[in-house]
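Trainee: File work.cif below, mmCIF, C-alpha atoms and all ligand atoms:
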data_protein
loop_
_atom_site.label_atom_id
_atom_site.label_comp_id
_atom_site.auth_asym_id
_atom_site.auth_seq_id
_atom_site.Cartn_x
_atom_site.Cartn_y
_atom_site.Cartn_z
CA MET A 1 112.77 182.60 111.93
CA PRO A 2 112.55 178.87 111.29
CA THR A 3 110.12 177.73 108.63
CA ALA A 4 107.73 174.79 108.72
CA ILE A 5 109.78 173.05 106.09
CA GLU A 6 112.91 173.21 108.28
CA THR A 7 110.98 171.61 111.12
CA GLU A 8 109.75 168.91 108.75
CA ILE A 9 113.25 167.96 107.53
CA ALA A 10 114.50 168.08 111.13
CA GLU A 11 111.81 165.64 112.25
CA LEU A 12 112.46 163.33 109.32
CA SER A 13 116.24 163.37 109.95
CA VAL A 14 115.79 162.60 113.64
CA SER A 15 113.50 159.69 112.72
CA MET A 16 116.05 158.25 110.24
CA VAL A 17 119.28 158.66 112.24
CA PRO A 18 119.89 156.71 115.46
CA ASN A 19 120.81 158.37 118.75
CA ILE A 20 119.99 161.98 117.91
CA ASP A 21 117.25 164.13 119.46
CA LYS A 22 117.93 167.46 117.78
CA ILE A 23 119.56 168.63 114.59
CA ARG A 24 120.69 172.08 113.51
CA PHE A 25 120.98 173.09 109.88
CA VAL A 26 123.88 175.13 108.50
CA ASN A 27 125.12 175.86 104.98
CA SER A 28 127.96 173.41 104.39
CA GLY A 29 129.82 170.40 105.74
CA THR A 30 132.61 172.75 106.79
CA GLU A 31 130.24 174.72 109.01
CA ALA A 32 128.77 171.54 110.46
CA CYS A 33 132.18 170.17 111.55
CA MET A 34 133.41 173.56 112.76
CA SER A 35 130.31 174.01 114.90
CA ALA A 36 130.47 170.42 116.16
CA ILE A 37 133.93 170.85 117.65
CA ARG A 38 133.02 174.21 119.20
CA LEU A 39 130.04 172.50 120.83
CA ALA A 40 132.22 169.59 122.00
CA ARG A 41 134.77 171.98 123.48
CA GLY A 42 132.09 174.02 125.25
CA PHE A 43 130.33 170.93 126.55
CA THR A 44 133.45 169.17 127.86
CA LYS A 45 135.32 172.37 128.82
CA LYS A 46 138.44 170.97 127.15
CA ASP A 47 140.42 172.31 124.18
CA LYS A 48 142.16 169.65 122.12
CA ILE A 49 140.74 167.39 119.44
CA ILE A 50 142.08 164.26 117.76
CA LYS A 51 141.68 163.93 114.00
CA PHE A 52 143.02 161.24 111.70
CA ALA A 53 145.61 161.78 108.98
CA GLY A 54 143.89 161.74 105.60
CA CYS A 55 140.43 162.56 106.97
CA TYR A 56 138.85 165.76 105.66
CA HIS A 57 136.40 167.75 107.73
CA GLY A 58 136.07 170.87 105.59
CA HIS A 59 138.33 173.87 105.36
CA SER A 60 138.09 175.44 108.79
CA ASP A 61 141.48 176.06 110.43
CA SER A 62 141.43 173.29 113.04
CA PHE A 63 141.06 170.61 110.38
CA LEU A 64 143.65 171.67 107.82
CA ILE A 65 146.22 169.45 109.45
CA ALA A 66 147.04 166.40 107.29
CA ALA A 67 143.71 166.90 105.53
CA GLY A 68 142.72 164.52 102.75
CA SER A 69 141.16 164.86 99.31
CA GLY A 70 141.82 168.08 97.36
CA ALA A 71 144.34 169.19 99.96
CA ILE A 72 146.54 166.11 99.34
CA THR A 73 146.07 166.27 95.59
CA PHE A 74 147.38 169.83 95.50
CA GLY A 75 150.13 169.05 97.99
CA THR A 76 148.88 171.30 100.79
CA PRO A 77 147.58 168.98 103.49
CA ASN A 78 148.80 171.54 106.04
CA SER A 79 147.69 174.96 104.89
CA PRO A 80 149.58 178.23 105.32
CA GLY A 81 147.42 180.69 107.19
CA VAL A 82 146.61 178.26 109.99
CA THR A 83 148.26 179.66 113.13
CA GLU A 84 150.50 177.59 115.38
CA GLY A 85 148.11 178.33 118.22
CA THR A 86 145.27 176.63 116.35
CA ALA A 87 147.41 173.77 115.04
CA LYS A 88 148.63 172.81 118.51
CA ASP A 89 145.08 171.93 119.59
CA THR A 90 144.67 169.37 116.80
CA LEU A 91 146.34 166.05 117.54
CA LEU A 92 146.89 163.65 114.67
CA ALA A 93 146.30 159.92 114.77
CA ARG A 94 146.64 157.08 112.26
CA TYR A 95 143.36 155.75 110.85
CA ASN A 96 142.57 152.17 111.92
CA ASP A 97 145.27 152.28 114.65
CA LEU A 98 143.71 152.13 118.13
CA GLU A 99 147.08 151.78 119.82
CA ASN A 100 148.10 155.13 118.36
CA VAL A 101 144.89 156.77 119.62
CA ASN A 102 145.44 155.28 123.08
CA GLU A 103 148.96 156.70 123.22
CA LEU A 104 147.71 160.18 122.29
CA VAL A 105 144.96 160.05 124.90
CA GLU A 106 147.39 158.86 127.60
CA ALA A 107 149.86 161.62 126.72
CA ASN A 108 147.11 164.28 126.81
CA LYS A 109 145.10 163.33 129.90
CA ASP A 110 142.06 165.50 130.58
CA VAL A 111 142.59 167.99 127.74
CA ILE A 112 140.92 166.20 124.81
CA ALA A 113 137.38 167.38 124.06
CA ALA A 114 136.62 165.21 121.05
CA ILE A 115 137.77 162.59 118.59
CA ILE A 116 136.44 163.45 115.13
CA ILE A 117 136.46 160.81 112.41
CA GLU A 118 135.00 159.91 109.06
CA PRO A 119 133.61 156.55 110.32
CA VAL A 120 134.15 155.24 106.79
CA ALA A 121 136.88 157.41 105.32
CA GLY A 122 136.14 158.80 101.88
CA ASN A 123 138.78 161.48 101.41
CA MET A 124 141.87 159.30 101.02
CA GLY A 125 140.08 156.89 98.74
CA CYS A 126 137.47 154.78 100.46
CA ILE A 127 138.85 153.25 103.65
CA PRO A 128 136.42 151.31 105.83
CA PRO A 129 137.20 150.94 109.53
CA VAL A 130 138.79 147.59 110.44
CA ASP A 131 136.81 145.34 112.81
CA GLY A 132 136.80 146.72 116.31
CA PHE A 133 138.23 150.13 115.44
CA LEU A 134 135.08 152.22 115.90
CA GLU A 135 134.08 150.13 118.94
CA GLY A 136 137.54 150.82 120.38
CA LEU A 137 137.18 154.57 119.82
CA ARG A 138 133.77 154.47 121.50
CA SER A 139 135.23 152.85 124.59
CA ILE A 140 138.28 155.15 124.74
CA CYS A 141 135.88 158.11 124.60
CA ASP A 142 133.62 156.64 127.29
CA SER A 143 136.46 156.08 129.70
CA ASN A 144 138.06 159.49 129.18
CA ASP A 145 135.06 161.85 129.04
CA ILE A 146 135.77 162.57 125.34
CA LEU A 147 133.00 163.12 122.79
CA LEU A 148 133.04 160.95 119.67
CA ILE A 149 132.12 162.96 116.57
CA PHE A 150 131.17 161.07 113.42
CA ASP A 151 131.66 163.23 110.35
CA GLU A 152 129.01 161.61 108.14
CA VAL A 153 129.07 164.36 105.51
CA MET A 154 129.78 161.66 102.90
CA THR A 155 128.32 158.57 104.56
CA GLY A 156 125.14 160.03 106.06
CA PHE A 157 121.95 158.96 104.25
CA ARG A 158 124.25 157.02 101.85
CA LEU A 159 125.64 153.88 103.50
CA ALA A 160 122.34 153.39 105.31
CA ASN A 161 119.38 155.66 106.03
CA GLY A 162 120.95 156.21 109.45
CA GLY A 163 124.54 156.36 108.16
CA VAL A 164 127.47 154.50 109.72
CA GLN A 165 125.92 154.67 113.20
CA GLU A 166 123.21 152.36 111.87
CA LEU A 167 125.44 150.29 109.56
CA LYS A 168 127.99 149.48 112.28
CA ASN A 169 125.63 149.79 115.23
CA ILE A 170 127.78 152.32 117.08
CA ASN A 171 126.56 155.52 118.68
CA ALA A 172 128.47 158.73 118.17
CA ASP A 173 127.94 161.74 120.44
CA ILE A 174 127.71 164.33 117.67
CA VAL A 175 127.05 163.58 114.00
CA CYS A 176 127.81 165.93 111.08
CA PHE A 177 126.01 165.90 107.74
CA GLY A 178 126.33 167.60 104.37
CA LYS A 179 126.21 166.62 100.69
CA VAL A 180 123.23 164.21 100.42
CA VAL A 181 121.22 166.11 103.06
CA GLY A 182 121.07 169.15 100.76
CA GLY A 183 119.89 167.34 97.64
CA GLY A 184 122.34 169.43 95.59
CA LEU A 185 121.84 172.72 97.41
CA PRO A 186 124.20 174.14 100.07
CA VAL A 187 123.22 172.42 103.31
CA GLY A 188 125.07 170.97 106.27
CA ALA A 189 123.80 169.87 109.66
CA PHE A 190 124.97 168.60 113.00
CA ALA A 191 123.00 166.63 115.52
CA ALA A 192 123.23 165.05 118.96
CA ARG A 193 121.24 164.00 121.99
CA ASN A 194 119.34 166.73 123.91
CA GLU A 195 121.91 166.86 126.68
CA ILE A 196 124.54 168.05 124.19
CA MET A 197 122.37 170.07 121.77
CA ASN A 198 120.88 172.06 124.65
CA TYR A 199 124.35 173.44 125.23
CA LEU A 200 123.93 175.45 121.99
CA ALA A 201 122.61 179.01 121.89
CA PRO A 202 119.94 180.20 122.39
CA ILE A 203 119.24 177.60 125.12
CA GLY A 204 122.88 177.11 126.06
CA PRO A 205 126.07 179.16 126.04
CA VAL A 206 127.84 177.90 122.87
CA TYR A 207 127.18 180.39 120.07
CA GLN A 208 126.19 179.30 116.60
CA ALA A 209 124.06 181.09 114.01
CA GLY A 210 123.75 181.78 110.29
CA THR A 211 121.70 184.17 108.16
CA LEU A 212 120.92 181.55 105.51
CA SER A 213 120.86 178.48 107.74
CA GLY A 214 117.67 176.55 107.21
CA ASN A 215 116.57 178.75 104.31
CA PRO A 216 113.40 177.34 102.72
CA LEU A 217 114.89 176.76 99.26
CA ALA A 218 117.73 174.56 100.53
CA MET A 219 115.44 172.83 103.03
CA ALA A 220 112.97 171.98 100.25
CA ALA A 221 115.72 170.30 98.21
CA GLY A 222 117.02 168.40 101.24
CA LEU A 223 113.56 167.33 102.31
CA ALA A 224 112.75 166.03 98.82
CA MET A 225 115.99 164.01 98.87
CA LEU A 226 115.44 162.50 102.32
CA LYS A 227 111.81 161.65 101.54
CA THR A 228 112.91 159.88 98.36
CA ILE A 229 115.53 157.86 100.24
CA ASN A 230 113.16 157.08 103.09
CA ALA A 231 110.39 155.89 100.78
CA ASP A 232 112.60 153.47 98.82
CA ALA A 233 113.33 150.47 101.02
CA ASP A 234 115.40 148.76 98.31
CA LEU A 235 117.59 151.76 97.39
CA MET A 236 120.62 150.91 99.54
CA ASN A 237 120.64 147.27 98.32
CA ARG A 238 120.31 148.33 94.70
CA LEU A 239 123.19 150.79 95.06
CA GLU A 240 125.37 148.17 96.72
CA GLU A 241 124.62 145.61 93.99
CA LYS A 242 125.57 148.10 91.27
CA THR A 243 128.77 149.02 93.09
CA LYS A 244 129.69 145.36 93.55
CA TYR A 245 129.07 144.75 89.85
CA LEU A 246 131.35 147.63 88.92
CA HIS A 247 133.98 146.41 91.39
CA ASN A 248 134.02 142.90 89.91
CA GLY A 249 134.10 144.19 86.34
CA ILE A 250 136.99 146.59 86.96
CA ALA A 251 138.95 143.99 88.94
CA ASP A 252 138.59 141.45 86.09
CA ALA A 253 139.64 144.01 83.47
CA LEU A 254 142.73 145.04 85.46
CA ASN A 255 143.67 141.47 86.40
CA LYS A 256 143.48 140.30 82.77
CA ASN A 257 146.08 142.95 81.96
CA ASN A 258 148.22 142.34 85.06
CA VAL A 259 147.69 145.85 86.44
CA THR A 260 148.63 145.89 90.12
CA HIS A 261 145.73 147.32 92.09
CA THR A 262 143.62 147.22 95.24
CA ILE A 263 139.92 148.05 95.26
CA ASN A 264 138.20 149.21 98.46
CA ARG A 265 134.42 149.16 98.63
CA ILE A 266 131.62 149.52 101.12
CA GLY A 267 128.00 150.10 100.13
CA SER A 268 127.96 152.58 97.25
CA MET A 269 131.46 153.92 97.95
CA ILE A 270 134.39 152.50 95.98
CA SER A 271 137.99 153.45 95.20
CA VAL A 272 140.62 151.96 92.91
CA HIS A 273 144.21 152.18 94.18
CA PHE A 274 147.18 151.34 91.98
CA SER A 275 148.93 149.73 94.87
CA GLU A 276 149.92 146.19 95.83
CA ASP A 277 149.24 146.47 99.55
CA ALA A 278 146.04 146.79 101.48
CA VAL A 279 144.97 150.44 101.74
CA VAL A 280 143.97 151.01 105.38
CA ASP A 281 145.25 154.46 106.29
CA PHE A 282 146.79 157.60 104.82
CA ASP A 283 150.31 156.16 104.45
CA SER A 284 149.13 153.09 102.55
CA ALA A 285 146.81 155.27 100.39
CA ALA A 286 149.74 157.56 99.55
CA LYS A 287 151.79 154.56 98.31
CA GLY A 288 149.56 154.18 95.23
CA ASN A 289 151.19 154.80 91.87
CA ASN A 290 150.14 158.30 90.90
CA ASP A 291 151.52 158.05 87.35
CA THR A 292 149.32 155.04 86.70
CA PHE A 293 146.37 156.93 88.17
CA LYS A 294 146.98 159.88 85.84
CA LYS A 295 147.10 157.57 82.80
CA PHE A 296 143.95 155.86 84.03
CA PHE A 297 142.12 159.14 84.58
CA HIS A 298 142.98 160.57 81.16
CA GLY A 299 142.36 157.24 79.42
CA MET A 300 138.87 157.12 80.93
CA LEU A 301 138.23 160.78 80.10
CA ASN A 302 139.18 160.11 76.47
CA LYS A 303 136.51 157.40 76.46
CA GLY A 304 133.97 159.92 77.70
CA ILE A 305 133.98 158.72 81.31
CA TYR A 306 134.79 161.36 83.87
CA ILE A 307 135.94 159.78 87.13
CA ALA A 308 136.97 161.82 90.17
CA PRO A 309 140.16 163.67 89.20
CA SER A 310 142.25 162.52 92.16
CA ALA A 311 143.61 159.21 93.39
CA PHE A 312 142.34 160.25 96.84
CA GLU A 313 138.69 160.67 95.93
CA THR A 314 136.10 157.99 96.44
CA TRP A 315 133.62 157.21 93.69
CA PHE A 316 129.96 157.39 94.71
CA ILE A 317 127.58 155.27 92.72
CA THR A 318 124.28 156.90 91.92
CA ASP A 319 121.07 155.01 91.33
CA ALA A 320 120.70 156.88 88.03
CA LEU A 321 123.50 154.71 86.59
CA THR A 322 122.11 151.79 84.61
CA TYR A 323 123.81 148.43 84.07
CA GLU A 324 124.50 149.58 80.49
CA ASP A 325 126.39 152.56 81.92
CA LEU A 326 128.35 150.24 84.19
CA ASN A 327 129.13 147.87 81.31
CA GLU A 328 130.36 150.79 79.24
CA THR A 329 132.60 151.87 82.12
CA ILE A 330 134.02 148.37 82.54
CA ALA A 331 134.62 148.09 78.79
CA ALA A 332 136.54 151.40 78.87
CA VAL A 333 138.72 150.12 81.73
CA GLU A 334 139.40 146.94 79.76
CA ASP A 335 140.40 148.99 76.70
CA ILE A 336 142.83 151.25 78.51
CA ALA A 337 144.21 148.68 80.97
CA LYS A 338 146.78 147.34 78.49
CA ASP A 339 148.43 150.77 78.40
CA LEU A 340 148.62 151.23 82.17
C1 LIG B 401 132.91 167.38 101.77
C2 LIG B 401 133.23 167.07 103.18
C3 LIG B 401 133.23 168.06 104.17
C4 LIG B 401 133.06 169.53 103.87
O1 LIG B 401 131.83 169.83 103.33
P1 LIG B 401 131.65 171.17 102.45
O2 LIG B 401 130.18 171.22 102.20
O3 LIG B 401 132.49 170.99 101.23
O4 LIG B 401 132.13 172.31 103.30
C5 LIG B 401 133.40 167.68 105.49
N1 LIG B 401 133.59 166.38 105.82
C6 LIG B 401 133.61 165.41 104.89
C7 LIG B 401 133.78 163.99 105.32
C8 LIG B 401 133.46 165.73 103.55
O5 LIG B 401 133.53 164.74 102.64
#
Please lay out the structure from this file as structure tokens.

Mentor:
Amino acid sequence: MPTAIETEIAELSVSMVPNIDKIRFVNSGTEACMSAIRLARGFTKKDKIIKFAGCYHGHSDSFLIAAGSGAITFGTPNSPGVTEGTAKDTLLARYNDLENVNELVEANKDVIAAIIIEPVAGNMGCIPPVDGFLEGLRSICDSNDILLIFDEVMTGFRLANGGVQELKNINADIVCFGKVVGGGLPVGAFAARNEIMNYLAPIGPVYQAGTLSGNPLAMAAGLAMLKTINADADLMNRLEEKTKYLHNGIADALNKNNVTHTINRIGSMISVHFSEDAVVDFDSAAKGNNDTFKKFFHGMLNKGIYIAPSAFETWFITDALTYEDLNETIAAVEDIAKDL
């Protein structure tokens, strides 16, 4: 049975996120994305999906094709155990490359159910969409009866109260959430307009269920988190200012010591790449100097600062960090930069 608290977080989510009428809670981001593509396939009656190299949508079989983050770090972006039958329904595109998406859609007329994307990528470092990219995907989807799925497991309730849909003013057809929405407990969710959500069981034919989905403990944590975000009109600005401050400080420290690098940043998401070229997709992210990253990581750790242990992870700035914390971080970078 649903609980009152699940209804309350559902209503609050729907009020914060643009273009959704209904939301269903699950237990992880993996489940949210897995259920979202099943819904898209059922709704469109088509089988294939397009995902982008370097994007991570959890560990369900359909997505373990050129997956980002931990999968790249451990050298298994394509996992054993995923059958050829499953893999053939996942088409791979290059992030920020509309031409490439167009070619795939032309070559697979009338069989693509959905394009799923991290609308700001966070699992190959932080890679924002170039101007026109998301708009282009929206229009390709509109003209080919394809659903656009935004995987906002990282960006939802972080880059804006309404996520990237709000930040970039683009409507997705299905949106996936996780991480922030659980306030530290295991929660995921997916949401869409009525027309699509009503295709889910029990109203519609696409099955989805879960014993612990919407359990009151997890819902209480998520609700407390969303209420806190919703009540603090200055939060997103404050986070962005802190992230910008860190960005400038790290860039100065690395430049002073002639360390080749590129920093990507949007809102409270930031990543440092030891690379000369712009980092705009998986290939350019993979060009970063991993040996330098390892020295950087261990140098920082020795100074008591534990950054994400992979060159492909984004850093997320929390409001709990003070400017003293940021100054200490920048000072540590300055100290170790001469040895990089
Ligand atoms: C973390 C993540 C997931 C998977 O969420 P889990 O809760 O770890 O299953 C899916 N998509 C994105 C973009 C993520 O960052």

Trainee: For atom CA of A:Ile266 and atom CA of A:Leu167, determine how far apart the two atoms are, in Å to one decimal place.

Mentor: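 Computing the Euclidean distance for atom CA of A:Ile266 and atom CA of A:Leu167 yields 10.5 Å.
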
Trainee: At a cut-off of 9 Å, using all atoms listed in the file, what residues contact A:Ala32? Leave out same-chain residues fewer than 3 positions from it and give the result as an MDAnalysis selection string.

Mentor: chainID A and resid 24:29 35:37 57:58 151 153 175:178 188:190

Trainee: Would you put the residues from that selection into a file with C-alpha atoms, as a PDB file, in the frame of the given file?

Mentor:
ATOM      1  CA  ARG A  24     120.690 172.080 113.510  1.00  0.00           C
ATOM      2  CA  PHE A  25     120.980 173.090 109.880  1.00  0.00           C
ATOM      3  CA  VAL A  26     123.880 175.130 108.500  1.00  0.00           C
ATOM      4  CA  ASN A  27     125.120 175.860 104.980  1.00  0.00           C
ATOM      5  CA  SER A  28     127.960 173.410 104.390  1.00  0.00           C
ATOM      6  CA  GLY A  29     129.820 170.400 105.740  1.00  0.00           C
ATOM      7  CA  SER A  35     130.310 174.010 114.900  1.00  0.00           C
ATOM      8  CA  ALA A  36     130.470 170.420 116.160  1.00  0.00           C
ATOM      9  CA  ILE A  37     133.930 170.850 117.650  1.00  0.00           C
ATOM     10  CA  HIS A  57     136.400 167.750 107.730  1.00  0.00           C
ATOM     11  CA  GLY A  58     136.070 170.870 105.590  1.00  0.00           C
ATOM     12  CA  ASP A 151     131.660 163.230 110.350  1.00  0.00           C
ATOM     13  CA  VAL A 153     129.070 164.360 105.510  1.00  0.00           C
ATOM     14  CA  VAL A 175     127.050 163.580 114.000  1.00  0.00           C
ATOM     15  CA  CYS A 176     127.810 165.930 111.080  1.00  0.00           C
ATOM     16  CA  PHE A 177     126.010 165.900 107.740  1.00  0.00           C
ATOM     17  CA  GLY A 178     126.330 167.600 104.370  1.00  0.00           C
ATOM     18  CA  GLY A 188     125.070 170.970 106.270  1.00  0.00           C
ATOM     19  CA  ALA A 189     123.800 169.870 109.660  1.00  0.00           C
ATOM     20  CA  PHE A 190     124.970 168.600 113.000  1.00  0.00           C
TER      21      PHE A 190
END

Trainee: Could you tell me which of A:Glu152, A:Glu135, A:Glu324, A:Asp142 comes closest to ligand LIG 401 (chain B) if we count all atoms listed in the file?

Mentor: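 Once distances to ligand LIG 401 (chain B) are computed over all atoms listed in the file, the minimum belongs to A:Glu152.
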
Trainee: Using all atoms listed in the file, which of A:Ala93, A:Val187, A:Met16, A:Ala53 sits nearest ligand LIG 401 (chain B)?

Mentor: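 Going through A:Ala93, A:Val187, A:Met16, A:Ala53 one by one, the smallest distance to ligand LIG 401 (chain B) is for A:Val187.
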
Trainee: Using all atoms listed in the file for the distances, tell me which of A:Asp252, A:Asp47, A:Asp283, A:Glu240 is nearest to A:Ala331.

Mentor: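 For A:Ala331, the nearest of the candidates is A:Asp252.
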
Trainee: Pick the closest to ligand LIG 401 (chain B) from A:Val130, A:Leu185, A:Ile9, A:Ile203: which is it, counting all atoms listed in the file?

Mentor: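 Ranking A:Val130, A:Leu185, A:Ile9, A:Ile203 by distance to ligand LIG 401 (chain B), first place goes to A:Leu185.
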
Trainee: Can you measure atom CA of A:Lys227 to atom CA of A:Gly156 for me? One decimal in Å is fine.

Mentor: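 Distance reported for this atom pair: 14.2 Å.
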
Trainee: For the atom pair atom CA of A:Gln165 and atom CA of A:Ile50, what is the interatomic distance in Å to one decimal place?

Mentor: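 For atom CA of A:Gln165 relative to atom CA of A:Ile50, the distance reads 19.3 Å.
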
Trainee: Axis-aligned box over every listed atom of stretch 208-224 of chain A, padded by 6 Å per side: centre and edges in Å to one decimal, as JSON?

Mentor:
{"center_x": 119.5, "center_y": 175.1, "center_z": 107.4, "size_x": 25.4, "size_y": 30.1, "size_z": 30.4}

Trainee: Taking the point (127.7, 176.5, 127.3) as given in the file, collect each protein or nucleic acid residue that comes within 12 Å of it, counting only C-alpha atoms, and present the set as a list in words.

Mentor: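 Those residues lying close to the given coordinates are Arg38, Leu39, Ala40, Arg41, Gly42, Phe43, Thr44, Lys45, Glu195, Ile196, Met197, Asn198, Tyr199, Leu200, Ala201, Pro202, Ile203, Gly204, Pro205, Val206, Tyr207 and Gln208 of chain A.
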
Trainee: Please produce an output containing C-alpha atoms for each residue in the selection, written as an mmCIF file, in the frame of the given file.

Mentor:
data_model
loop_
_atom_site.group_PDB
_atom_site.id
_atom_site.type_symbol
_atom_site.label_atom_id
_atom_site.label_comp_id
_atom_site.auth_asym_id
_atom_site.auth_seq_id
_atom_site.Cartn_x
_atom_site.Cartn_y
_atom_site.Cartn_z
ATOM 1 C CA ARG A 38 133.020 174.210 119.200
ATOM 2 C CA LEU A 39 130.040 172.500 120.830
ATOM 3 C CA ALA A 40 132.220 169.590 122.000
ATOM 4 C CA ARG A 41 134.770 171.980 123.480
ATOM 5 C CA GLY A 42 132.090 174.020 125.250
ATOM 6 C CA PHE A 43 130.330 170.930 126.550
ATOM 7 C CA THR A 44 133.450 169.170 127.860
ATOM 8 C CA LYS A 45 135.320 172.370 128.820
ATOM 9 C CA GLU A 195 121.910 166.860 126.680
ATOM 10 C CA ILE A 196 124.540 168.050 124.190
ATOM 11 C CA MET A 197 122.370 170.070 121.770
ATOM 12 C CA ASN A 198 120.880 172.060 124.650
ATOM 13 C CA TYR A 199 124.350 173.440 125.230
ATOM 14 C CA LEU A 200 123.930 175.450 121.990
ATOM 15 C CA ALA A 201 122.610 179.010 121.890
ATOM 16 C CA PRO A 202 119.940 180.200 122.390
ATOM 17 C CA ILE A 203 119.240 177.600 125.120
ATOM 18 C CA GLY A 204 122.880 177.110 126.060
ATOM 19 C CA PRO A 205 126.070 179.160 126.040
ATOM 20 C CA VAL A 206 127.840 177.900 122.870
ATOM 21 C CA TYR A 207 127.180 180.390 120.070
ATOM 22 C CA GLN A 208 126.190 179.300 116.600
#

Trainee: From (137.7, 156.4, 101.0), in the file's coordinates, out to 10 Å: which residues are reached, counting all atoms listed in the file? Answer as a short mmCIF file (atom, residue, chain, number, x, y, z; two decimals) with C-alpha atoms, in the frame of the given file.

Mentor:
data_model
loop_
_atom_site.label_atom_id
_atom_site.label_comp_id
_atom_site.auth_asym_id
_atom_site.auth_seq_id
_atom_site.Cartn_x
_atom_site.Cartn_y
_atom_site.Cartn_z
CA GLY A 54 143.89 161.74 105.60
CA CYS A 55 140.43 162.56 106.97
CA GLY A 68 142.72 164.52 102.75
CA SER A 69 141.16 164.86 99.31
CA GLU A 118 135.00 159.91 109.06
CA VAL A 120 134.15 155.24 106.79
CA ALA A 121 136.88 157.41 105.32
CA GLY A 122 136.14 158.80 101.88
CA ASN A 123 138.78 161.48 101.41
CA MET A 124 141.87 159.30 101.02
CA GLY A 125 140.08 156.89 98.74
CA CYS A 126 137.47 154.78 100.46
CA ILE A 127 138.85 153.25 103.65
CA PRO A 128 136.42 151.31 105.83
CA MET A 154 129.78 161.66 102.90
CA ASN A 264 138.20 149.21 98.46
CA ARG A 265 134.42 149.16 98.63
CA ILE A 266 131.62 149.52 101.12
CA MET A 269 131.46 153.92 97.95
CA ILE A 270 134.39 152.50 95.98
CA SER A 271 137.99 153.45 95.20
CA VAL A 272 140.62 151.96 92.91
CA VAL A 279 144.97 150.44 101.74
CA VAL A 280 143.97 151.01 105.38
CA ASP A 281 145.25 154.46 106.29
CA PHE A 282 146.79 157.60 104.82
CA ALA A 285 146.81 155.27 100.39
CA PHE A 312 142.34 160.25 96.84
CA GLU A 313 138.69 160.67 95.93
CA THR A 314 136.10 157.99 96.44
CA TRP A 315 133.62 157.21 93.69
#

Trainee: For A:Thr86, which residue out of A:Ile49, A:Ala220, A:Leu12, A:Ile116 is the nearest one, using all atoms listed in the file?

Mentor: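 Smallest separation from A:Thr86 among the options: A:Ile49.
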
Trainee: Looking at A:Ser60, A:Thr329, A:Thr83, A:Asn248, which one is nearest to ligand LIG 401 (chain B), with distances taken over only C-alpha atoms and all ligand atoms?

Mentor: A:Ser60

Trainee: Can you pull out every residue within 12 Å of A:Glu8, counting only C-alpha atoms, but drop anything in the same chain fewer than 3 positions away, and send it as a PyMOL selection string?

Mentor: chain A and resi 2-5+11-15+23+214+216+219-220+222-224+226-227

Trainee: Residues at most 10 Å from A:Pro18, counting only C-alpha atoms, excluding those fewer than 2 positions away in the same chain, as a list of chain:residue names?

Mentor: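 Non-adjacent residues within range: A:Ser13, A:Val14, A:Ser15, A:Met16, A:Ile20, A:Asp21, A:Asn161, A:Gly162, A:Gly163, A:Val164, A:Gln165, A:Glu166, A:Asn169, A:Ile170, A:Asn171, A:Ala172, A:Ala192, A:Arg193.
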
Trainee: Near A:Val101, within 10 Å and counting only C-alpha atoms, which residues show up once chain neighbours fewer than 3 positions away are dropped, as a list in words?

Mentor: Ile50, Lys51, Phe52, Leu91, Leu92, Ala93, Arg94, Tyr95, Asn96, Asp97, Leu98, Leu104, Val105, Glu106, Ala107, Ile115, Gly136, Leu137 and Ile140 of chain A

Trainee: If we count all atoms listed in the file and set the cut-off at 9 Å, which residues sit around A:Asp277, ignoring sequence neighbours fewer than 2 positions away in its own chain? Please answer as a PyMOL selection string.

Mentor: chain A and resi 261-262+275+279+284+287-288
